[in-house]
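Dumped final07.txt below, it's compact mmCIF, C-alpha atoms:
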```txt
# COMPACT_ATOMS: atom_id res chain seq x y z
CA MET S 925 23.53 -162.97 40.83
CA ILE S 926 24.04 -160.39 38.10
CA SER S 927 20.79 -159.75 36.27
CA ALA S 928 22.03 -157.72 33.28
CA PHE S 929 25.24 -156.56 31.61
CA TYR S 930 25.88 -153.18 29.98
CA ASP S 931 28.76 -151.43 28.34
CA VAL S 932 28.25 -148.24 30.39
CA ALA S 933 26.21 -147.38 33.48
CA VAL S 934 25.50 -143.67 34.00
CA ILE S 935 24.56 -142.74 37.57
CA GLY S 936 22.41 -139.61 37.78
CA ALA S 937 19.96 -138.18 35.22
CA GLY S 938 20.50 -134.46 35.65
CA PRO S 939 21.98 -132.42 32.78
CA ALA S 940 25.38 -134.16 33.01
CA GLY S 941 23.92 -137.67 33.21
CA LEU S 942 21.46 -137.09 30.37
CA ALA S 943 24.23 -135.77 28.13
CA ALA S 944 26.57 -138.62 29.11
CA ALA S 945 23.96 -141.32 28.44
CA LEU S 946 23.06 -139.87 25.04
CA SER S 947 26.74 -139.64 24.17
CA THR S 948 27.51 -143.25 25.14
CA ASN S 949 24.50 -144.43 23.17
CA GLU S 950 25.47 -142.42 20.10
CA HIS S 951 28.90 -144.04 20.22
CA GLY S 952 27.45 -147.54 20.17
CA ALA S 953 27.50 -148.46 23.86
CA LYS S 954 24.69 -150.39 25.50
CA THR S 955 23.76 -147.95 28.26
CA LEU S 956 21.89 -148.03 31.57
CA LEU S 957 20.87 -144.68 33.06
CA ILE S 958 20.19 -144.85 36.80
CA GLU S 959 18.21 -142.11 38.59
CA ARG S 960 17.11 -141.99 42.22
CA GLU S 961 14.07 -139.79 41.50
CA ALA S 962 10.95 -140.64 39.56
CA ASN S 963 11.49 -137.94 36.92
CA LEU S 964 14.57 -137.07 34.90
CA GLY S 965 16.27 -133.69 34.80
CA GLY S 966 17.80 -133.28 38.24
CA MET S 967 17.61 -129.76 39.67
CA LEU S 968 16.54 -128.40 36.28
CA LYS S 969 12.99 -129.55 37.01
CA GLN S 970 12.50 -126.81 39.60
CA CYS S 971 14.45 -124.00 37.91
CA LEU S 972 11.83 -121.77 36.26
CA ASN S 973 14.20 -118.87 35.57
CA ASP S 974 15.02 -118.58 31.85
CA GLU S 975 18.81 -118.43 32.05
CA PHE S 976 19.74 -121.81 30.57
CA GLY S 977 21.02 -122.78 27.12
CA ILE S 978 22.47 -119.46 25.98
CA ILE S 979 25.85 -120.99 25.10
CA ARG S 980 24.57 -124.30 23.72
CA PHE S 981 21.33 -123.32 21.99
CA GLY S 982 21.75 -119.56 21.56
CA GLU S 983 18.48 -118.85 23.36
CA LYS S 984 17.15 -118.48 26.88
CA LEU S 985 15.37 -121.55 28.24
CA THR S 986 13.89 -122.46 31.61
CA GLY S 987 15.34 -125.46 33.42
CA PRO S 988 12.51 -127.81 32.36
CA GLU S 989 12.76 -126.59 28.75
CA TYR S 990 16.51 -127.20 28.72
CA ALA S 991 16.10 -130.68 30.22
CA TYR S 992 13.36 -131.56 27.72
CA ARG S 993 15.76 -131.01 24.81
CA PHE S 994 17.70 -134.03 26.10
CA ILE S 995 14.87 -136.09 27.61
CA SER S 996 13.01 -136.10 24.28
CA ARG S 997 16.13 -137.50 22.58
CA LEU S 998 16.49 -140.06 25.36
CA HIS S 999 13.00 -141.41 24.74
CA GLU S 1000 13.88 -141.94 21.08
CA SER S 1001 17.06 -143.85 21.93
CA SER S 1002 17.78 -147.41 23.04
CA ILE S 1003 18.99 -146.27 26.47
CA GLU S 1004 17.50 -148.23 29.35
CA VAL S 1005 16.38 -146.04 32.27
CA SER S 1006 16.00 -147.25 35.85
CA GLY S 1007 14.17 -144.62 37.89
CA LEU S 1008 13.57 -144.51 41.65
CA THR S 1009 16.74 -146.55 41.94
CA PHE S 1010 19.70 -146.11 44.27
CA VAL S 1011 23.21 -147.47 43.78
CA SER S 1012 24.27 -148.77 47.18
CA LYS S 1013 27.60 -150.34 46.18
CA ILE S 1014 30.08 -150.46 43.31
CA GLU S 1015 32.56 -153.33 43.21
CA LYS S 1016 35.52 -153.92 40.90
CA GLN S 1017 35.30 -157.14 38.91
CA GLN S 1018 37.46 -158.81 36.28
CA PHE S 1019 35.06 -157.74 33.52
CA GLY S 1020 34.62 -154.21 34.85
CA TYR S 1021 32.25 -153.33 37.70
CA SER S 1022 29.17 -154.68 39.42
CA LEU S 1023 26.53 -152.36 40.87
CA THR S 1024 24.12 -153.17 43.68
CA LEU S 1025 20.80 -151.48 42.93
CA VAL S 1026 17.95 -150.83 45.35
CA ASN S 1027 14.44 -149.92 44.18
CA GLY S 1028 10.80 -150.89 44.55
CA ASN S 1029 11.53 -154.32 43.14
CA GLY S 1030 14.08 -155.05 45.85
CA ILE S 1031 17.85 -155.49 45.62
CA SER S 1032 19.56 -156.57 42.42
CA LYS S 1033 22.96 -156.59 40.80
CA THR S 1034 23.92 -155.39 37.36
CA ALA S 1035 27.29 -155.20 35.63
CA CYS S 1036 29.09 -152.90 33.22
CA LYS S 1037 32.49 -152.28 31.68
CA SER S 1038 32.63 -148.59 32.61
CA ILE S 1039 30.74 -146.10 34.79
CA VAL S 1040 29.98 -142.40 34.50
CA LEU S 1041 29.39 -140.71 37.85
CA ALA S 1042 26.98 -137.82 37.23
CA CYS S 1043 25.50 -137.53 40.71
CA GLY S 1044 25.39 -133.72 40.78
CA CYS S 1045 25.94 -131.62 43.89
CA ARG S 1046 24.16 -130.72 47.11
CA GLU S 1047 23.77 -127.66 49.29
CA HIS S 1048 25.51 -127.17 52.59
CA THR S 1049 22.96 -127.98 55.29
CA PRO S 1050 22.03 -125.99 58.43
CA GLY S 1051 23.89 -128.47 60.61
CA GLU S 1052 27.16 -127.66 58.83
CA LEU S 1053 27.05 -123.97 59.80
CA GLY S 1054 27.41 -124.39 63.55
CA ILE S 1055 25.31 -121.34 64.44
CA ASN S 1056 23.14 -123.06 67.08
CA ASP S 1057 23.19 -126.62 68.33
CA ARG S 1058 19.49 -126.95 67.45
CA HIS S 1059 17.51 -125.21 64.75
CA PRO S 1060 13.80 -124.33 64.90
CA ALA S 1061 11.54 -124.77 61.88
CA GLY S 1062 12.11 -122.18 59.18
CA VAL S 1063 15.86 -122.71 58.69
CA ILE S 1064 15.92 -123.98 55.12
CA THR S 1065 18.21 -124.15 52.10
CA ALA S 1066 17.59 -122.05 48.98
CA GLY S 1067 17.15 -125.19 46.88
CA ALA S 1068 14.41 -126.42 49.23
CA VAL S 1069 12.66 -123.06 48.97
CA GLN S 1070 12.86 -123.37 45.20
CA TYR S 1071 11.22 -126.79 45.40
CA TYR S 1072 8.47 -125.54 47.73
CA ILE S 1073 7.54 -122.62 45.48
CA ASN S 1074 8.12 -123.95 41.95
CA ILE S 1075 7.07 -127.59 42.40
CA LEU S 1076 4.73 -127.71 45.41
CA GLU S 1077 3.38 -124.16 44.90
CA LYS S 1078 3.70 -123.49 48.63
CA MET S 1079 5.11 -120.37 50.28
CA PRO S 1080 7.59 -121.28 53.05
CA THR S 1081 8.03 -117.71 54.31
CA ARG S 1082 6.52 -114.23 54.47
CA ARG S 1083 9.52 -112.37 55.87
CA CYS S 1084 12.97 -113.90 55.48
CA VAL S 1085 16.69 -113.33 55.75
CA ILE S 1086 19.02 -114.95 53.19
CA LEU S 1087 22.46 -116.01 54.38
CA GLY S 1088 25.01 -116.36 51.58
CA SER S 1089 25.04 -114.89 48.09
CA GLY S 1090 25.16 -118.07 46.00
CA ASP S 1091 23.26 -118.05 42.73
CA ILE S 1092 20.29 -120.12 43.94
CA GLY S 1093 19.85 -117.74 46.87
CA LEU S 1094 19.95 -114.69 44.61
CA ILE S 1095 17.44 -116.23 42.21
CA MET S 1096 15.13 -117.22 45.06
CA ALA S 1097 15.34 -113.72 46.56
CA ARG S 1098 13.76 -112.46 43.35
CA ARG S 1099 11.24 -115.31 43.23
CA LEU S 1100 10.16 -114.71 46.83
CA ARG S 1101 9.71 -110.99 46.15
CA GLN S 1102 7.64 -111.83 43.05
CA LYS S 1103 5.43 -114.09 45.19
CA GLY S 1104 4.84 -111.36 47.75
CA ALA S 1105 7.32 -112.23 50.50
CA GLU S 1106 9.52 -109.63 52.17
CA VAL S 1107 13.22 -110.29 51.73
CA VAL S 1108 14.93 -108.25 54.44
CA GLY S 1109 18.32 -108.69 52.83
CA VAL S 1110 21.04 -111.00 51.56
CA TYR S 1111 23.96 -111.29 54.00
CA GLU S 1112 27.39 -112.49 52.85
CA ALA S 1113 30.33 -113.20 55.18
CA ASN S 1114 32.86 -112.55 52.42
CA SER S 1115 33.76 -109.12 51.10
CA THR S 1116 32.65 -110.12 47.60
CA VAL S 1117 29.52 -111.76 46.22
CA SER S 1118 29.52 -115.53 45.63
CA GLY S 1119 27.05 -115.48 42.74
CA LEU S 1120 27.21 -114.33 39.14
CA THR S 1121 27.17 -110.59 38.45
CA ARG S 1122 24.08 -110.90 36.26
CA ASN S 1123 22.15 -112.46 39.14
CA VAL S 1124 23.13 -109.63 41.48
CA ASN S 1125 21.90 -107.13 38.90
CA GLU S 1126 18.73 -108.92 37.81
CA CYS S 1127 17.68 -110.54 41.09
CA LEU S 1128 18.70 -108.01 43.75
CA ASP S 1129 19.25 -104.59 42.18
CA ASP S 1130 16.21 -104.74 39.90
CA TYR S 1131 13.98 -105.68 42.85
CA GLY S 1132 15.46 -103.36 45.45
CA ILE S 1133 16.70 -106.20 47.67
CA PRO S 1134 19.67 -105.05 49.77
CA LEU S 1135 22.98 -106.94 49.83
CA PHE S 1136 25.26 -106.77 52.86
CA THR S 1137 28.84 -108.08 52.69
CA ASN S 1138 31.14 -108.87 55.64
CA LYS S 1139 28.11 -109.86 57.70
CA THR S 1140 26.81 -113.21 58.93
CA VAL S 1141 24.19 -114.82 61.17
CA THR S 1142 25.56 -115.49 64.66
CA ARG S 1143 22.40 -116.60 66.46
CA ILE S 1144 18.95 -117.96 65.68
CA TYR S 1145 15.95 -117.23 67.92
CA GLY S 1146 12.73 -119.20 68.22
CA LYS S 1147 11.46 -122.45 69.70
CA GLY S 1148 8.80 -124.05 67.51
CA ARG S 1149 9.65 -121.77 64.58
CA ILE S 1150 12.31 -119.20 63.97
CA SER S 1151 11.31 -115.72 65.14
CA ALA S 1152 14.50 -113.70 64.60
CA VAL S 1153 18.19 -113.87 63.76
CA GLU S 1154 21.20 -112.04 65.09
CA ILE S 1155 23.42 -110.47 62.43
CA SER S 1156 27.03 -109.51 63.16
CA SER S 1157 29.79 -107.92 61.12
CA VAL S 1158 32.87 -110.09 60.59
CA ASP S 1159 36.56 -109.26 60.30
CA GLU S 1160 39.00 -110.43 57.62
CA ASN S 1161 39.12 -113.86 59.30
CA LYS S 1162 35.31 -114.07 59.29
CA ALA S 1163 35.22 -113.82 63.08
CA PRO S 1164 32.23 -111.85 64.50
CA VAL S 1165 33.11 -108.32 65.58
CA PRO S 1166 31.88 -107.62 69.15
CA GLY S 1167 29.35 -104.82 69.47
CA THR S 1168 28.08 -105.07 65.87
CA GLN S 1169 25.10 -107.35 66.58
CA GLU S 1170 21.61 -106.48 65.37
CA ILE S 1171 18.39 -108.47 65.75
CA ILE S 1172 16.15 -108.93 62.71
CA ASP S 1173 12.65 -110.35 63.03
CA CYS S 1174 11.87 -113.04 60.43
CA ASP S 1175 10.01 -116.32 60.01
CA ALA S 1176 12.68 -118.00 57.86
CA LEU S 1177 16.45 -118.09 57.44
CA ILE S 1178 17.30 -119.22 53.91
CA LEU S 1179 20.77 -120.65 53.39
CA SER S 1180 22.68 -120.11 50.16
CA VAL S 1181 26.15 -120.88 51.42
CA GLY S 1182 27.57 -123.00 48.66
CA LEU S 1183 27.35 -126.33 46.85
CA ILE S 1184 29.57 -129.39 47.05
CA PRO S 1185 29.76 -132.44 44.74
CA GLU S 1186 27.85 -135.56 45.74
CA ASN S 1187 30.80 -137.88 46.08
CA GLU S 1188 29.79 -140.73 48.42
CA LEU S 1189 30.09 -143.32 45.65
CA THR S 1190 33.35 -141.81 44.44
CA VAL S 1191 34.85 -141.96 47.92
CA SER S 1192 33.65 -145.55 48.36
CA LEU S 1193 35.81 -146.50 45.36
CA LYS S 1194 38.86 -145.04 47.14
CA THR S 1195 39.33 -142.67 44.24
CA PRO S 1196 41.87 -139.88 44.89
CA MET S 1197 40.00 -136.64 45.57
CA ASP S 1198 40.87 -132.98 45.04
CA GLU S 1199 40.42 -131.05 48.29
CA ARG S 1200 39.81 -127.86 46.36
CA THR S 1201 37.02 -129.07 44.05
CA LYS S 1202 35.69 -131.71 46.49
CA GLY S 1203 35.43 -133.99 43.47
CA PRO S 1204 37.73 -136.70 42.10
CA VAL S 1205 41.06 -136.17 40.36
CA ILE S 1206 40.59 -136.80 36.63
CA ASP S 1207 42.54 -136.88 33.38
CA GLN S 1208 41.67 -135.06 30.15
CA ASP S 1209 39.02 -137.67 29.27
CA TYR S 1210 37.22 -137.25 32.61
CA MET S 1211 38.50 -140.62 33.81
CA THR S 1212 39.27 -140.78 37.51
CA MET S 1213 42.35 -142.52 38.85
CA ASN S 1214 40.27 -145.74 38.74
CA ASP S 1215 40.34 -147.33 35.29
CA GLY S 1216 36.92 -147.22 33.65
CA ILE S 1217 35.36 -144.81 36.20
CA PHE S 1218 34.50 -141.39 34.75
CA CYS S 1219 33.05 -138.30 36.42
CA CYS S 1220 31.41 -135.17 35.01
CA GLY S 1221 29.22 -132.17 35.74
CA ASN S 1222 28.70 -130.93 39.27
CA ALA S 1223 29.82 -134.27 40.70
CA LEU S 1224 33.28 -133.32 39.44
CA HIS S 1225 33.31 -129.63 40.37
CA VAL S 1226 30.50 -127.12 40.84
CA ASN S 1227 29.73 -125.27 37.61
CA ASP S 1228 27.94 -121.95 37.32
CA VAL S 1229 26.62 -122.56 33.77
CA VAL S 1230 24.60 -125.65 32.85
CA ASP S 1231 25.93 -125.60 29.28
CA TYR S 1232 29.38 -126.57 30.63
CA VAL S 1233 27.79 -129.34 32.70
CA THR S 1234 26.32 -130.77 29.50
CA GLU S 1235 29.61 -130.36 27.67
CA SER S 1236 31.49 -132.37 30.29
CA GLY S 1237 28.78 -135.05 30.29
CA GLU S 1238 29.08 -135.53 26.55
CA ALA S 1239 32.88 -135.76 26.73
CA ALA S 1240 32.80 -138.21 29.64
CA GLY S 1241 30.14 -140.32 27.92
CA HIS S 1242 32.16 -140.54 24.72
CA ALA S 1243 35.27 -141.57 26.65
CA ALA S 1244 33.34 -144.15 28.70
CA ALA S 1245 31.91 -145.71 25.54
CA ARG S 1246 35.37 -145.84 24.01
CA TRP S 1247 36.74 -147.46 27.16
CA ALA S 1248 33.96 -150.08 27.13
CA SER S 1249 34.74 -150.86 23.50
CA THR S 1250 38.54 -150.99 23.56
CA GLY S 1251 39.86 -150.27 27.04
CA TRP S 1252 41.46 -147.17 25.50
CA ILE S 1253 43.79 -146.12 27.08
CA SER S 1254 44.94 -146.84 30.61
CA ALA S 1255 47.57 -144.65 32.18
CA ARG S 1256 48.91 -147.69 33.97
CA ARG S 1257 51.24 -149.59 31.72
CA ASN S 1258 54.18 -151.78 32.60
CA GLY S 1259 53.62 -151.12 36.29
CA ARG S 1260 53.97 -147.34 36.08
CA ASN S 1261 51.61 -144.37 35.84
CA SER S 1262 51.83 -142.44 32.59
CA TYR S 1263 50.54 -139.17 33.98
CA ALA S 1264 51.83 -135.64 33.82
CA GLU S 1265 50.60 -133.56 36.76
CA ILE S 1266 48.63 -130.30 36.51
CA ARG S 1267 49.30 -127.80 39.29
CA THR S 1268 48.42 -124.20 40.12
CA ASP S 1269 49.86 -121.57 42.40
CA ASP S 1270 47.82 -119.58 44.93
CA SER S 1271 46.37 -117.31 42.25
CA LEU S 1272 43.91 -120.04 41.17
CA SER S 1273 41.29 -121.74 43.32
CA TYR S 1274 41.53 -124.89 41.18
CA ILE S 1275 41.87 -126.26 37.70
CA VAL S 1276 40.50 -129.44 36.07
CA PRO S 1277 41.69 -131.83 34.79
CA GLN S 1278 44.42 -132.37 37.37
CA ARG S 1279 46.28 -135.03 35.37
CA LEU S 1280 47.25 -135.64 31.75
CA ASN S 1281 47.39 -139.21 30.49
CA ILE S 1282 50.28 -138.87 28.06
CA ASN S 1283 49.09 -141.99 26.21
CA LYS S 1284 45.96 -140.08 25.21
CA LEU S 1285 47.42 -136.75 24.10
CA VAL S 1286 45.87 -136.95 20.63
CA ALA S 1287 43.52 -133.94 20.79
CA PRO S 1288 43.40 -130.45 22.34
CA VAL S 1289 42.76 -130.44 26.09
CA THR S 1290 39.96 -128.39 27.64
CA PHE S 1291 40.65 -126.87 31.05
CA TYR S 1292 38.25 -125.20 33.48
CA PHE S 1293 39.50 -122.97 36.27
CA ARG S 1294 38.55 -120.30 38.79
CA SER S 1295 40.65 -117.41 40.04
CA LYS S 1296 41.33 -117.19 43.77
CA LYS S 1297 40.18 -113.56 43.99
CA GLU S 1298 38.62 -110.84 41.87
CA MET S 1299 41.12 -109.57 39.31
CA GLY S 1300 41.08 -107.04 36.52
CA LYS S 1301 42.89 -107.63 33.25
CA SER S 1302 45.04 -110.67 33.96
CA LEU S 1303 47.63 -112.88 32.32
CA LEU S 1304 47.43 -116.66 32.60
CA VAL S 1305 50.74 -118.46 32.06
CA ALA S 1306 51.31 -122.22 31.82
CA THR S 1307 54.78 -123.69 32.23
CA LEU S 1308 56.06 -127.20 31.53
CA ASN S 1309 58.80 -128.11 33.99
CA GLY S 1310 59.43 -124.38 34.46
CA ASN S 1311 59.42 -123.42 30.76
CA GLU S 1312 56.55 -121.30 29.44
CA ILE S 1313 54.32 -123.11 26.94
CA TYR S 1314 51.14 -121.03 26.93
CA ARG S 1315 49.82 -117.58 27.80
CA CYS S 1316 46.40 -115.96 27.55
CA ILE S 1317 44.92 -112.63 28.68
CA PHE S 1318 41.53 -112.40 30.41
CA PRO S 1319 39.80 -108.99 30.67
CA ARG S 1320 38.36 -109.71 34.12
CA LEU S 1321 38.21 -112.64 36.55
CA ARG S 1322 35.86 -113.41 39.43
CA PRO S 1323 35.89 -116.59 41.59
CA PRO S 1324 32.15 -117.28 41.01
CA GLU S 1325 32.61 -117.21 37.23
CA MET S 1326 34.37 -120.29 35.87
CA GLU S 1327 36.71 -119.84 32.92
CA LYS S 1328 37.42 -122.24 30.08
CA LEU S 1329 40.47 -122.59 27.86
CA VAL S 1330 41.59 -125.07 25.22
CA MET S 1331 45.28 -125.94 24.80
CA ASN S 1332 47.04 -127.86 22.03
CA LEU S 1333 49.39 -130.09 24.01
CA GLN S 1334 49.52 -133.09 21.71
CA TYR S 1335 52.58 -131.82 19.84
CA MET S 1336 54.62 -131.03 22.94
CA ASP S 1337 57.25 -133.29 24.42
CA ILE S 1338 55.41 -134.18 27.62
CA ASP S 1339 56.52 -137.24 29.57
CA TYR S 1340 55.14 -139.01 32.61
CA GLY S 1341 56.04 -137.28 35.85
CA ASN S 1342 56.26 -133.87 34.15
CA ILE S 1343 54.56 -130.90 35.84
CA ILE S 1344 52.45 -128.29 34.07
CA ASN S 1345 51.83 -125.29 36.32
CA PHE S 1346 49.26 -122.51 35.84
CA SER S 1347 49.61 -119.04 37.30
CA LEU S 1348 47.65 -115.77 37.11
CA THR S 1349 49.09 -112.26 37.29
CA GLU S 1350 47.02 -109.10 37.28
CA ILE S 1351 48.19 -106.61 34.63
CA PRO S 1352 48.59 -103.10 36.10
CA SER S 1353 46.37 -100.49 34.47
CA CYS S 1354 48.15 -97.64 32.72
```
Render the structure in this file as structure tokens.
Amino acid sequence: MISAFYDVAVIGAGPAGLAAALSTNEHGAKTLLIEREANLGGMLKQCLNDEFGIIRFGEKLTGPEYAYRFISRLHESSIEVSGLTFVSKIEKQQFGYSLTLVNGNGISKTACKSIVLACGCREHTPGELGINDRHPAGVITAGAVQYYINILEKMPTRRCVILGSGDIGLIMARRLRQKGAEVVGVYEANSTVSGLTRNVNECLDDYGIPLFTNKTVTRIYGKGRISAVEISSVDENKAPVPGTQEIIDCDALILSVGLIPENELTVSLKTPMDERTKGPVIDQDYMTMNDGIFCCGNALHVNDVVDYVTESGEAAGHAAARWASTGWISARRNGRNSYAEIRTDDSLSYIVPQRLNINKLVAPVTFYFRSKKEMGKSLLVATLNGNEIYRCIFPRLRPPEMEKLVMNLQYMDIDYGNIINFSLTEIPSC
């Protein structure tokens, strides 16, 4: 039996979910915000570094300070919040969708006209690396280390090795050094760093923490707890190079080897996914290929700046509220899809959105993309069915640093089935 009915259900109360819920509420939608943890804010709760809000608020904020800007507005709104609640199933219904919720009160069902998936992302786990079949204690992700130190006020290591140069790992290298731990080094299998340049400068260089590229962990030693790791150089295919092994004593191996969107619910809806982003395929209003299902933030693709996460949450929330009010506008009319397809060549890692609903081309379209490799001054060109429609120059591009561009496509003659292709070319220096 369905216990309640809402216009929009937002799943996840991190920065994307908070922004989405506030946006749906501001646009007149009766909103339910569902969060699996007791407190709102997602990962922001444990991020004490003051690198948030520069774009949105023009000042540096810690994660909790940034989250509070939205949580305080939430408490003043009519949004209903269900904490410590899991969504175990989403089912399509004639009126929209039903959600099966599990919490301390048992199992219940609620209903809504549209859904915003704002479930965030997760770290790759030790079991996904395939270094050893079994891992001793002390093999831990950078996010878990952040939780131990910043929330529990516990030190999980005294001498550690960090594998991977993702931003959380770089930030935690600095935090561990500040708390008195020895960080032997950060080891990256790629030839370039995975994190933002500012984090390399402020977290490693400023604290004298060495960074080693083209190196990875090939063996872990220890029974009850890790006692050492084996480091090997890797070739261009990331295969260990024989004879390059070195043993480093440590009591922890901290993993910072990338983030992927939490997409179990998305996959359960049989929503088409993008293998490059690991999130769903969406149109310019953040609607997936399932009518009334929207996705935003790190559940869509992993962002490097929280301000963009918030921006996507607000846009998705607005669109979800509009859908709940009017059903505006499906790409499926008269038995056909009214999508134009967005593609890239090998110069880009990905671009979102991946589709354009031509029925909704009434405003400029915001795109986010990453280059495939580090590039100097570069030219981005967009073509429509082979004809150039847009070009823009970027002074420098790095895969860890997401780029944003806004295109006026509403006045172009774009039809369903058309292809818009994006390509990058590095401009030779004089």
May I ask for the distance between CA of Ile1351 (chain S) and CA of Lys1297 (chain S), given in Å to one decimal place?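 Result for CA of Ile1351 (chain S) versus CA of Lys1297 (chain S): 14.1 Å, one decimal.
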Can I get the residues of region 1246-1308 of chain S within 12 Å of region 1218-1235 of chain S, each with the closest pair of atoms and their distance in Å to one decimal, using all atoms listed in the file, sorted chain first then ascending number, as a tab-separated table?
```
residue	atom	partner	partner_atom	distance
S:Arg1246	CA	S:Phe1218	CA	11.7
S:Trp1247	CA	S:Phe1218	CA	10.0
S:Ala1248	CA	S:Phe1218	CA	11.6
S:Ser1273	CA	S:His1225	CA	11.6
S:Tyr1274	CA	S:His1225	CA	9.5
S:Ile1275	CA	S:His1225	CA	9.6
S:Val1276	CA	S:His1225	CA	8.4
S:Pro1277	CA	S:Leu1224	CA	9.7
S:Gln1278	CA	S:Leu1224	CA	11.4
S:Thr1290	CA	S:Glu1235	CA	10.5
S:Phe1291	CA	S:Tyr1232	CA	11.3
S:Tyr1292	CA	S:Tyr1232	CA	9.4
S:Phe1293	CA	S:His1225	CA	10.0
S:Arg1294	CA	S:Asn1227	CA	10.2
```
Considering all atoms listed in the file, return as a compact mmCIF listing (two decimals) with C-alpha atoms, in the frame of the given file whatever protein or nucleic-acid residues lie within 8 Å of region 990-997 of chain S, sequence-local ones (same chain, fewer than 6 positions apart) excluded.
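To be explicit, this is the file written out as selection-v6.txt:
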```txt
# COMPACT_ATOMS: atom_id res chain seq x y z
CA GLY S 938 20.50 -134.46 35.65
CA PRO S 939 21.98 -132.42 32.78
CA LEU S 942 21.46 -137.09 30.37
CA ALA S 943 24.23 -135.77 28.13
CA LEU S 946 23.06 -139.87 25.04
CA LEU S 964 14.57 -137.07 34.90
CA GLY S 965 16.27 -133.69 34.80
CA LEU S 968 16.54 -128.40 36.28
CA LYS S 969 12.99 -129.55 37.01
CA PHE S 976 19.74 -121.81 30.57
CA GLY S 977 21.02 -122.78 27.12
```
Which is closest to Val1040 (chain S) among S:Thr1307, S:Asn1074, S:Thr1168, S:Asn1214, if we use only C-alpha atoms?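 Closest residue, counting only C-alpha atoms: S:Asn1214.
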From the options S:Ala1245, S:Cys1174, S:Leu1183, S:Ala1264, which residue's atoms come nearest to Ser1089 (chain S), counting only C-alpha atoms? S:Leu1183
Tell me, in Å to one decimal, how far CA of Arg1279 (chain S) is from CA of Asn1261 (chain S).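 Spanning CA of Arg1279 (chain S) to CA of Asn1261 (chain S) is a straight-line distance of 10.8 Å.
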What's the 10 Å shell around region 948-963 of chain S, counting all atoms listed in the file, without same-chain residues fewer than 6 positions away, as a ChimeraX atom specification? /S:928-938,941-942,969,998,1001-1011,1025-1027,1034-1036,1038-1040,1042-1043,1237-1249
For Gly1067 (chain S), please output as a list in words all residues within 12 Å (counting all atoms listed in the file; exclusion window: fewer than 6 positions along the same chain).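 Near neighbours after the sequence-gap exclusion: Gly966, Met967, Leu968, Lys969, Gln970, Cys971, Cys1045, Arg1046, Glu1047, His1048, Thr1049, Ile1073, Asn1074, Ile1075, Gly1090, Asp1091, Ile1092, Gly1093, Leu1094, Ile1095, Met1096, Ala1097, Ile1178, Leu1179, Ser1180, Val1181, Gly1182 and Leu1183 of chain S.
Put simply, CA of Gly1310 (chain S) is 17.2 Å away from CA of Met1331 (chain S).
If you count all atoms listed in the file and draw a sphere of 10 Å around (13.2, -112.5, 40.9), the protein and nucleic acid residues inside it come out as Asn973, Leu1094, Ile1095, Met1096, Ala1097, Arg1098, Arg1099, Leu1100, Arg1101, Gln1102, Lys1103, Asn1123, Glu1126, Cys1127, Leu1128, Asp1130, Tyr1131 and Ile1133 of chain S.
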May I ask which of the residues S:Val1063, S:Asn1332, S:Ser1118, S:Leu1041 is the closest one to Glu1186 (chain S), counting only C-alpha atoms? S:Leu1041
Determine the nearest neighbour of Lys1284 (chain S) from the options S:Asn1309, S:Ile1172, S:Met1211, S:Arg1267, counting all atoms listed in the file. S:Met1211
With distances taken over all atoms listed in the file, which residue among S:Leu1193, S:Ile1064, S:Ile1313, S:Met1336 lies nearest Tyr1021 (chain S)?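 Comparing S:Leu1193, S:Ile1064, S:Ile1313, S:Met1336 against Tyr1021 (chain S), the winner is S:Leu1193.
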With distances taken over only C-alpha atoms, the candidate from S:Pro1134, S:Gly1062, S:Gly1203, S:Pro1050 nearest Ser1151 (chain S) is S:Gly1062
Write out as a ChimeraX atom specification each polymer residue whose atoms come within 7 Å of Ser1271 (chain S), counting only C-alpha atoms; drop sequence neighbours fewer than 2 positions from it. /S:1269,1273,1295-1296,1347-1348
Where is the centre and how long are the edges: axis-aligned box on region 1230-1246 of chain S, 4 Å on each side, Å to one decimal, as JSON:
```
{"center_x": 30.0, "center_y": -135.7, "center_z": 28.4, "size_x": 18.8, "size_y": 28.2, "size_z": 16.8}
```
Could you pull the residues within 10 Å of Val1158 (chain S), counting only C-alpha atoms, minus those fewer than 5 positions along the same chain, as a list of chain:residue names?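 Contacts, with the query itself left out: S:Glu1112, S:Ala1113, S:Asn1114, S:Ser1115, S:Thr1137, S:Asn1138, S:Lys1139, S:Thr1140, S:Val1141, S:Thr1142, S:Ala1163, S:Pro1164, S:Val1165, S:Pro1166, S:Thr1168.
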